Amino acid sequence: MDLHIKPGLHFCTVEGRTIFLDEDTSRYFCIPEDVDRAFQLMILADRKPVDGFDDALITHLMSLKIIEGEHAREGGLERFASIVEPNGDLGRHSIHDAPAFEIAASLFERFRSKRIATRRAIADVRRLIEQERLRFAHRRSACIPRSNHAVSAAFEVSDFVFGRNDRCLQRAIAMIRRCLRVGHNPSLVIGVRINPFTAHCWVQQDSTVVGDSIDIARIYTPICAL
């Protein structure tokens, strides 16, 4: 039987445990440790079942909706493309680095993204970003390289209005929409940590964190990029 990860399911390994994220439900979860160990063995074995990974465990993973089997799929266990690890940020900004029109744009984007972040699943956010990525693709050739500095500075100003604690998704959605509109093509990266479990998200252009600190991003293990 050809096996693949359930569509819309992402995972990463943090301190020896696999953390899963289901886009359709925005749910993070773990699986029993014995099943987790077998799952990790399968991942390490070049995406193929290995000795000791028996039918009962495969059935268990399928019952947990981790993997699916279809004869139409080939190539063993399918995995998502790896996420680029962040290695820098844009540095600190002064409020004077933010043009007035960028501040206004950041406030507008945060206002209209607030409802999306609270009422939509991650899968809906992905579709929104993909639509806007296509919509503004023609602007990339005219993009000013340092314009993301102005966007980042403007969002720091908007934090005085909307706050920043527990608002990372709403903020990141707003920022990536603004970045796409001015011609950049960043990703919205979601990361997780455990003990205790927390999740965080940020905007990332290649390996550069935009509008956040690299020191914060490094605390988290990326699990998904939109």
# chains A, B, ... in the order shown; residues from 1 in each chain; ligands from 1

$ select_by_dssp --residues "segment 53-177 of chain A" --states "strand (DSSP E)" --output "NGL selection string"
:A and (67-69 or 88-89)

$ residues_around --residues "Asn185 of chain A" --least-positions-apart "2" --cutoff "10 Å" --atoms "only C-alpha atoms" --output "ChimeraX atom specification"
/A:133,136-137,139-140,143,176-177,179-183,187,204-206

$ atom_distance --atom1 "atom CA of Ser106 of chain A" --atom2 "atom CA of His200 of chain A"
19.9 Å

$ atom_distance --atom1 "atom CA of Gln40 of chain A" --atom2 "atom CA of Cys12 of chain A"
10.0 Å

$ closest_atom_pairs --of "segment 162-186 of chain A" --to "segment 120-123 of chain A" --cutoff "12 Å" --atoms "only C-alpha atoms" --output "CSV"
residue,atom,partner,partner_atom,distance
A:Leu169,CA,A:Ile122,CA,9.7
A:Gln170,CA,A:Arg120,CA,10.8
A:Ile173,CA,A:Ile122,CA,10.7

$ residues_around --residues "Val209 of chain A" --least-positions-apart "2" --cutoff "8 Å" --atoms "only C-alpha atoms" --output "ChimeraX atom specification"
/A:86-90,202-205,207,211-214,217

$ write_last_selection --atoms "N, CA, C and O atoms" --output "mmCIF file, in the first residue's frame"
data_model
loop_
_atom_site.group_PDB
_atom_site.id
_atom_site.type_symbol
_atom_site.label_atom_id
_atom_site.label_comp_id
_atom_site.auth_asym_id
_atom_site.auth_seq_id
_atom_site.Cartn_x
_atom_site.Cartn_y
_atom_site.Cartn_z
ATOM 1 N N PRO A 86 15.199 30.436 9.749
ATOM 2 C CA PRO A 86 15.543 31.865 9.800
ATOM 3 C C PRO A 86 16.949 32.065 10.349
ATOM 4 O O PRO A 86 17.386 31.355 11.249
ATOM 5 N N ASN A 87 17.664 33.039 9.789
ATOM 6 C CA ASN A 87 19.021 33.303 10.291
ATOM 7 C C ASN A 87 19.300 34.788 10.496
ATOM 8 O O ASN A 87 20.433 35.188 10.744
ATOM 9 N N GLY A 88 18.278 35.619 10.410
ATOM 10 C CA GLY A 88 18.474 37.043 10.628
ATOM 11 C C GLY A 88 17.150 37.785 10.635
ATOM 12 O O GLY A 88 16.108 37.205 10.334
ATOM 13 N N ASP A 89 17.200 39.064 10.988
ATOM 14 C CA ASP A 89 16.000 39.905 10.939
ATOM 15 C C ASP A 89 16.381 41.269 10.391
ATOM 16 O O ASP A 89 17.534 41.492 9.977
ATOM 17 N N LEU A 90 15.426 42.187 10.393
ATOM 18 C CA LEU A 90 15.670 43.514 9.826
ATOM 19 C C LEU A 90 16.190 44.511 10.847
ATOM 20 O O LEU A 90 16.441 45.666 10.514
ATOM 21 N N TRP A 202 5.322 34.155 12.321
ATOM 22 C CA TRP A 202 6.017 35.365 11.886
ATOM 23 C C TRP A 202 6.089 35.365 10.368
ATOM 24 O O TRP A 202 5.851 34.357 9.702
ATOM 25 N N VAL A 203 6.447 36.520 9.806
ATOM 26 C CA VAL A 203 6.631 36.665 8.361
ATOM 27 C C VAL A 203 8.112 36.512 8.065
ATOM 28 O O VAL A 203 8.962 37.045 8.780
ATOM 29 N N GLN A 204 8.413 35.772 6.997
ATOM 30 C CA GLN A 204 9.812 35.494 6.672
ATOM 31 C C GLN A 204 10.046 35.618 5.173
ATOM 32 O O GLN A 204 9.350 34.990 4.372
ATOM 33 N N GLN A 205 11.020 36.442 4.803
ATOM 34 C CA GLN A 205 11.431 36.592 3.406
ATOM 35 C C GLN A 205 12.726 35.819 3.215
ATOM 36 O O GLN A 205 13.758 36.207 3.767
ATOM 37 N N SER A 207 15.373 33.722 4.298
ATOM 38 C CA SER A 207 15.757 33.327 5.655
ATOM 39 C C SER A 207 15.723 34.505 6.632
ATOM 40 O O SER A 207 16.197 34.388 7.753
ATOM 41 N N GLY A 211 9.606 41.991 10.612
ATOM 42 C CA GLY A 211 8.657 42.478 11.599
ATOM 43 C C GLY A 211 8.684 41.747 12.923
ATOM 44 O O GLY A 211 7.782 41.913 13.741
ATOM 45 N N ASP A 212 9.694 40.951 13.156
ATOM 46 C CA ASP A 212 9.834 40.230 14.420
ATOM 47 C C ASP A 212 11.322 40.049 14.683
ATOM 48 O O ASP A 212 12.163 40.421 13.856
ATOM 49 N N SER A 213 11.649 39.457 15.820
ATOM 50 C CA SER A 213 13.046 39.274 16.204
ATOM 51 C C SER A 213 13.510 37.859 15.883
ATOM 52 O O SER A 213 12.787 36.885 16.139
ATOM 53 N N ILE A 214 14.696 37.733 15.350
ATOM 54 C CA ILE A 214 15.271 36.418 15.092
ATOM 55 C C ILE A 214 15.436 35.645 16.401
ATOM 56 O O ILE A 214 15.301 34.417 16.429
ATOM 57 N N ALA A 217 12.090 34.024 16.971
ATOM 58 C CA ALA A 217 11.820 32.969 15.989
ATOM 59 C C ALA A 217 12.637 31.713 16.275
ATOM 60 O O ALA A 217 12.144 30.589 16.082
#

$ closest_residue --among "A:Leu226, A:Val157, A:Val84, A:Leu188" --to "Leu107 of chain A" --atoms "only C-alpha atoms"
A:Val157

$ closest_residue --among "A:Ile67, A:Ala105, A:Phe155, A:Ser82" --to "Met42 of chain A" --atoms "only C-alpha atoms"
A:Ile67

$ closest_residue --among "A:Pro32, A:Ala153, A:Arg171, A:Glu85" --to "Tyr220 of chain A" --atoms "only C-alpha atoms"
A:Glu85

$ closest_residue --among "A:Cys168, A:Arg127, A:Ala154, A:Ala199" --to "Arg27 of chain A" --atoms "only C-alpha atoms"
A:Ala199

$ select_by_dssp --residues "segment 80-163 of chain A" --states "helix (DSSP H, G or I)" --output "PyMOL selection string"
chain A and resi 95-97+100-119+122-135+137-142+147-162
